[in-house]
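Take a look at the structure set out below.
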Amino acid sequence: MTFRMPRLPRPAFRPPPVRPPTFTGPLHDARTATAVGRWLGAAFGVCLVTGLVSHYLQRPPDWLADRLPTRPVWGYAFTQGLHVATGLAAIVLLLVKLWAVYPRLFVWPPVRSVRHALERLSVAVLVASAVFEVLTGLLNIVEWYPWPFSFVPVHFAVAWVATGSILLHIAVKAPEIRDHWGRRSAGTGTLPARDAVDRRSLLLATGAAVGVVTLTTVGQSFTPLAALDLLAPRHPDHGPQGLPVNRTAAAAGVTAPGPAGWRLEVVGPRPYVLDLAALRAMPRAGARLPIACVEGWSVDADWGGVRLRDLIGRAGGRPGRDAVRVTSLEVRGAYRVMEMGAEYADDPLTLLALTLDGQPLTLDHGFPARIIAPGRPGVLQTKWVHRLEVL
């Protein structure tokens, strides 16, 4: 006879309730949020202004295209380096700001009135747009695009959403910000005095973290600090001929054109065609200019070649009045065709470059000829040029 144990009913499995983590520390207060918010607001302000410079240099409206200034020659290298450096610092500040206000993001009940609902909605838009901007900006500088949309127009549009959200947030929170603006403000005076030491320690640690991030990345554009460039995706002297390369010839689908087979076609009232030997025989010019990319890195180099305005003038173009369309040999890419306004085209420092630091261009740097102009984003310094068209 077999004895079987009776089967007992299994208790129903109930997963533990999911609750957001709670922070009960004393520094989740208005004074901490205001102090960090001042730095974060300044960082976003700098990013907005420098981002507008970058956007309108890359995609100028028609009325501005022929009036963009070419001086100072280091202008874009400075503004874009500042944009990326400030954006990286803003990541640290945003994380600390979210930590300081975290308990307020998950209050219960989530909506108490119509006014409270509108305030919560504005905060949600602010947080989402701010996180989106710093995250997509970070991924852009490492050239990883895991999304289906075009980075530049979307990043530009959301920047305005974030700016509007910040201004609305400041307007709504103005009384609280005023009450906690400084250590001696009325609201700050009501907080426990024993928390002041911990708050100062937190703010000092935040400033130190911002400093470390800046020092270990800004060397990609501020070359005196190149030795400390540990975290940036580019090092200013790593690459062919001592310069970084974002887009290689292989990525652009360009194979080495033989000197005997390459031709430069210049289209205008008096069109003509030059082979490489004839182009090299033209009067030469040189310029020391930075190559500066939207990812934040920049390097000065000595370029040699033919002034673009000489090529335009030979084709019957009008100096200082005609723009130029430049076409690359690359078979794919958003910047295969580039238009240059009249101010840039007529600048004596704008070259169809043939050499870099005294040596012929390598293929990855645009052999046999590329554009180099003062104060222009790197994506507009077109490589592998084979056609110029006077507009």
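Each chain in the structure tokens gets a letter, A, B and so on, in the order shown; residues start at 1 in every chain, and ligands are counted from 1 in the order they appear.
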
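Residues within 10 Å of Pro26 (chain A), counting only C-alpha atoms and excluding same-chain residues fewer than 3 positions away, are Phe23, Asp29, Thr32, Ala100, Leu191, Pro192, Arg194, Asp195, Ala196, Asp198 and Arg199 of chain A.
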
Could you take the residues named above and write them with N, CA and C atoms, as a compact mmCIF listing (two decimals), in the first residue's frame?
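Okay, out27.txt is ready:
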```
# COMPACT_ATOMS: atom_id res chain seq x y z
N PHE A 23 13.44 59.30 -0.55
CA PHE A 23 14.59 60.02 -0.04
C PHE A 23 14.10 60.90 1.11
N ASP A 29 15.46 70.15 -0.34
CA ASP A 29 14.70 71.34 0.04
C ASP A 29 14.87 72.42 -1.02
N THR A 32 18.55 73.97 -1.61
CA THR A 32 19.44 73.15 -2.44
C THR A 32 19.02 73.21 -3.90
N ALA A 100 17.69 66.61 -5.90
CA ALA A 100 17.22 67.55 -4.89
C ALA A 100 15.70 67.67 -4.89
N LEU A 191 15.22 77.28 7.51
CA LEU A 191 15.67 75.89 7.44
C LEU A 191 16.58 75.58 8.62
N PRO A 192 16.67 74.32 9.02
CA PRO A 192 17.54 73.97 10.14
C PRO A 192 18.98 74.37 9.88
N ARG A 194 21.63 73.28 11.17
CA ARG A 194 22.57 72.16 11.15
C ARG A 194 22.74 71.56 9.75
N ASP A 195 21.76 71.84 8.85
CA ASP A 195 21.86 71.29 7.50
C ASP A 195 22.77 72.11 6.59
N ALA A 196 23.14 73.31 7.02
CA ALA A 196 23.91 74.20 6.15
C ALA A 196 25.27 73.60 5.79
N ASP A 198 26.13 70.38 5.59
CA ASP A 198 25.95 69.31 4.60
C ASP A 198 25.60 69.87 3.23
N ARG A 199 24.82 70.94 3.20
CA ARG A 199 24.44 71.53 1.92
C ARG A 199 25.67 72.11 1.22
```

Residues of region 113-357 of chain A in strand (DSSP E) according to DSSP, as a PyMOL selection string?
chain A and resi 263-267+272-275+285-292+298-307+324-328+337-340+351-356

Give me the residues near region 157-171 of chain A as a ChimeraX atom specification, where near means some atom within 8 Å (using only C-alpha atoms) and where sequence neighbours in that chain fewer than 4 positions away do not count.
/A:41,44,48,122-123,125-126,129-130,132-133,153,177

Selected residues, N, CA and C atoms, written as a PDB file, in the first residue's frame, please.
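Just written: selection.pdb:
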```pdb
ATOM      1  N   GLY A  41      20.550  76.649 -14.782  1.00  0.00           N
ATOM      2  CA  GLY A  41      19.939  77.629 -15.680  1.00  0.00           C
ATOM      3  C   GLY A  41      20.978  78.376 -16.494  1.00  0.00           C
ATOM      4  N   PHE A  44      22.283  75.996 -19.246  1.00  0.00           N
ATOM      5  CA  PHE A  44      21.341  75.874 -20.360  1.00  0.00           C
ATOM      6  C   PHE A  44      21.294  77.167 -21.177  1.00  0.00           C
ATOM      7  N   LEU A  48      22.079  77.331 -25.108  1.00  0.00           N
ATOM      8  CA  LEU A  48      21.122  77.857 -26.077  1.00  0.00           C
ATOM      9  C   LEU A  48      21.791  78.849 -27.021  1.00  0.00           C
ATOM     10  N   SER A 122       3.792  71.205 -16.610  1.00  0.00           N
ATOM     11  CA  SER A 122       4.926  72.026 -17.018  1.00  0.00           C
ATOM     12  C   SER A 122       6.239  71.431 -16.518  1.00  0.00           C
ATOM     13  N   VAL A 123       6.229  70.878 -15.296  1.00  0.00           N
ATOM     14  CA  VAL A 123       7.430  70.256 -14.751  1.00  0.00           C
ATOM     15  C   VAL A 123       7.792  69.006 -15.551  1.00  0.00           C
ATOM     16  N   VAL A 125       7.156  68.427 -18.721  1.00  0.00           N
ATOM     17  CA  VAL A 125       7.746  68.867 -19.990  1.00  0.00           C
ATOM     18  C   VAL A 125       9.168  69.357 -19.770  1.00  0.00           C
ATOM     19  N   LEU A 126       9.401  70.094 -18.691  1.00  0.00           N
ATOM     20  CA  LEU A 126      10.734  70.610 -18.383  1.00  0.00           C
ATOM     21  C   LEU A 126      11.738  69.472 -18.190  1.00  0.00           C
ATOM     22  N   SER A 129      12.263  67.435 -21.572  1.00  0.00           N
ATOM     23  CA  SER A 129      13.025  68.146 -22.598  1.00  0.00           C
ATOM     24  C   SER A 129      14.477  68.341 -22.173  1.00  0.00           C
ATOM     25  N   ALA A 130      14.710  68.615 -20.877  1.00  0.00           N
ATOM     26  CA  ALA A 130      16.086  68.798 -20.402  1.00  0.00           C
ATOM     27  C   ALA A 130      16.876  67.498 -20.517  1.00  0.00           C
ATOM     28  N   PHE A 132      16.214  65.013 -22.511  1.00  0.00           N
ATOM     29  CA  PHE A 132      16.360  64.718 -23.945  1.00  0.00           C
ATOM     30  C   PHE A 132      17.531  65.498 -24.540  1.00  0.00           C
ATOM     31  N   GLU A 133      17.648  66.772 -24.205  1.00  0.00           N
ATOM     32  CA  GLU A 133      18.702  67.601 -24.775  1.00  0.00           C
ATOM     33  C   GLU A 133      20.099  67.119 -24.377  1.00  0.00           C
ATOM     34  N   PRO A 153      17.649  68.989 -36.578  1.00  0.00           N
ATOM     35  CA  PRO A 153      16.395  69.740 -36.429  1.00  0.00           C
ATOM     36  C   PRO A 153      15.628  69.399 -35.159  1.00  0.00           C
ATOM     37  N   ILE A 177      11.945  80.866  -5.325  1.00  0.00           N
ATOM     38  CA  ILE A 177      13.340  81.099  -5.695  1.00  0.00           C
ATOM     39  C   ILE A 177      13.875  82.328  -4.960  1.00  0.00           C
TER      40      ILE A 177
END
```

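The two atoms in question, CA of Arg247 (chain A) and CA of Asp347 (chain A), are spaced 26.0 Å apart.
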
Contacts of Val306 (chain A) within 6 Å, only C-alpha atoms, excl. fewer than 6 positions in-chain, as a PyMOL selection string:
chain A and resi 284-285+351-352

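Residue nearest Val254 (chain A) within the list A:Leu329, A:Leu231, A:Val127, A:Val53: A:Leu329 [criterion: smallest interatomic distance, only C-alpha atoms].
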
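When only C-alpha atoms are used to measure the gap to Asp66 (chain A), the shortest distance among A:Val267, A:Ile141, A:Met340, A:Leu279 belongs to A:Met340.
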
Which of region 55-94 of chain A DSSP labels alpha helix (DSSP H), written as a tab-separated table (two decimals) with N, CA, C and O atoms, in the first residue's frame:
```tsv
chain	number	residue	atom	x	y	z
A	55	HIS	N	23.75	76.30	-35.12
A	55	HIS	CA	22.65	75.95	-36.02
A	55	HIS	C	22.60	76.88	-37.22
A	55	HIS	O	22.46	76.42	-38.37
A	56	TYR	N	22.70	78.19	-36.97
A	56	TYR	CA	22.55	79.13	-38.07
A	56	TYR	C	23.81	79.24	-38.93
A	56	TYR	O	23.74	79.71	-40.08
A	57	LEU	N	24.96	78.80	-38.42
A	57	LEU	CA	26.12	78.68	-39.29
A	57	LEU	C	25.97	77.47	-40.23
A	57	LEU	O	26.38	77.52	-41.39
A	58	GLN	N	25.38	76.40	-39.71
A	58	GLN	CA	25.18	75.21	-40.54
A	58	GLN	C	24.03	75.36	-41.51
A	58	GLN	O	24.12	74.92	-42.66
A	62	ASP	N	18.02	82.21	-45.95
A	62	ASP	CA	18.50	82.86	-47.17
A	62	ASP	C	18.96	84.29	-46.92
A	62	ASP	O	19.97	84.74	-47.49
A	63	TRP	N	18.25	85.03	-46.08
A	63	TRP	CA	18.60	86.42	-45.87
A	63	TRP	C	19.92	86.60	-45.10
A	63	TRP	O	20.55	87.65	-45.16
A	64	LEU	N	20.37	85.52	-44.42
A	64	LEU	CA	21.57	85.60	-43.61
A	64	LEU	C	22.79	84.98	-44.29
A	64	LEU	O	23.93	85.30	-43.95
A	65	ALA	N	22.54	84.11	-45.28
A	65	ALA	CA	23.63	83.28	-45.82
A	65	ALA	C	24.81	84.09	-46.34
A	65	ALA	O	25.97	83.72	-46.15
A	75	GLY	N	36.17	81.78	-34.18
A	75	GLY	CA	34.86	81.99	-33.56
A	75	GLY	C	34.07	80.71	-33.36
A	75	GLY	O	33.56	80.44	-32.27
A	76	TYR	N	33.95	79.92	-34.43
A	76	TYR	CA	33.14	78.69	-34.29
A	76	TYR	C	33.82	77.68	-33.39
A	76	TYR	O	33.15	76.99	-32.61
A	77	ALA	N	35.14	77.58	-33.48
A	77	ALA	CA	35.86	76.65	-32.60
A	77	ALA	C	35.59	76.99	-31.14
A	77	ALA	O	35.40	76.09	-30.29
A	78	PHE	N	35.55	78.28	-30.82
A	78	PHE	CA	35.31	78.70	-29.44
A	78	PHE	C	33.86	78.43	-29.02
A	78	PHE	O	33.61	77.83	-27.97
A	79	THR	N	32.90	78.87	-29.83
A	79	THR	CA	31.50	78.75	-29.41
A	79	THR	C	31.06	77.29	-29.34
A	79	THR	O	30.34	76.90	-28.41
A	80	GLN	N	31.52	76.46	-30.29
A	80	GLN	CA	31.09	75.07	-30.25
A	80	GLN	C	31.81	74.29	-29.17
A	80	GLN	O	31.23	73.39	-28.54
A	81	GLY	N	33.09	74.62	-28.93
A	81	GLY	CA	33.79	74.00	-27.81
A	81	GLY	C	33.12	74.34	-26.49
A	81	GLY	O	32.96	73.49	-25.61
A	82	LEU	N	32.70	75.61	-26.35
A	82	LEU	CA	31.99	76.04	-25.14
A	82	LEU	C	30.64	75.35	-25.03
A	82	LEU	O	30.21	74.95	-23.93
A	83	HIS	N	29.96	75.17	-26.16
A	83	HIS	CA	28.64	74.51	-26.17
A	83	HIS	C	28.75	73.08	-25.64
A	83	HIS	O	27.97	72.67	-24.77
A	84	VAL	N	29.72	72.33	-26.16
A	84	VAL	CA	29.85	70.93	-25.75
A	84	VAL	C	30.34	70.83	-24.31
A	84	VAL	O	29.84	70.02	-23.52
A	85	ALA	N	31.32	71.67	-23.93
A	85	ALA	CA	31.83	71.63	-22.56
A	85	ALA	C	30.74	71.97	-21.56
A	85	ALA	O	30.60	71.31	-20.51
A	86	THR	N	29.93	72.97	-21.85
A	86	THR	CA	28.85	73.36	-20.95
A	86	THR	C	27.76	72.30	-20.91
A	86	THR	O	27.18	72.03	-19.86
A	87	GLY	N	27.49	71.69	-22.06
A	87	GLY	CA	26.48	70.62	-22.09
A	87	GLY	C	26.89	69.43	-21.25
A	87	GLY	O	26.06	68.83	-20.57
A	88	LEU	N	28.17	69.07	-21.29
A	88	LEU	CA	28.64	67.96	-20.46
A	88	LEU	C	28.56	68.32	-18.97
A	88	LEU	O	28.18	67.49	-18.14
A	89	ALA	N	28.91	69.56	-18.63
A	89	ALA	CA	28.78	70.00	-17.24
A	89	ALA	C	27.32	69.99	-16.80
A	89	ALA	O	27.00	69.67	-15.64
A	90	ALA	N	26.41	70.32	-17.73
A	90	ALA	CA	24.98	70.35	-17.40
A	90	ALA	C	24.45	68.97	-17.03
A	90	ALA	O	23.47	68.87	-16.28
A	91	ILE	N	25.08	67.90	-17.52
A	91	ILE	CA	24.63	66.56	-17.16
A	91	ILE	C	24.78	66.35	-15.66
A	91	ILE	O	23.86	65.86	-14.98
A	92	VAL	N	25.92	66.74	-15.11
A	92	VAL	CA	26.15	66.62	-13.67
A	92	VAL	C	25.14	67.47	-12.90
A	92	VAL	O	24.51	67.01	-11.94
A	93	LEU	N	24.97	68.71	-13.32
A	93	LEU	CA	24.06	69.62	-12.62
A	93	LEU	C	22.62	69.14	-12.69
A	93	LEU	O	21.87	69.24	-11.70
A	94	LEU	N	22.22	68.60	-13.84
A	94	LEU	CA	20.85	68.11	-13.97
A	94	LEU	C	20.59	66.93	-13.05
A	94	LEU	O	19.52	66.83	-12.43
```

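If you count only C-alpha atoms and ignore residues fewer than 2 places along the chain from Val326 (chain A), what sits within 8 Å of it is Val324, Ser328, Val337, Met338, Glu339, Met340, Thr382, Val385, His386, Arg387, Leu388 and Glu389 of chain A.
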
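Each of A:Ala334, A:Val213, A:Ala124, A:Val142 was compared to Arg104 (chain A) using only C-alpha atoms, and A:Ala124 turns out to be the nearest.
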
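Taking only C-alpha atoms into account, Gln359 (chain A) lies nearest to A:Ala301 out of the set A:Ala345, A:Ala174, A:Ile312, A:Ala301.
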
So which one's closest to Gly304 (chain A), A:Glu343, A:Ala323, A:Leu354, A:Glu330? Using only C-alpha atoms, please.
A:Leu354

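Shortest separation to His238 (chain A) among A:Val197, A:Arg288, A:Val299, A:Val379 occurs at residue A:Val299, atoms counted being only C-alpha atoms.
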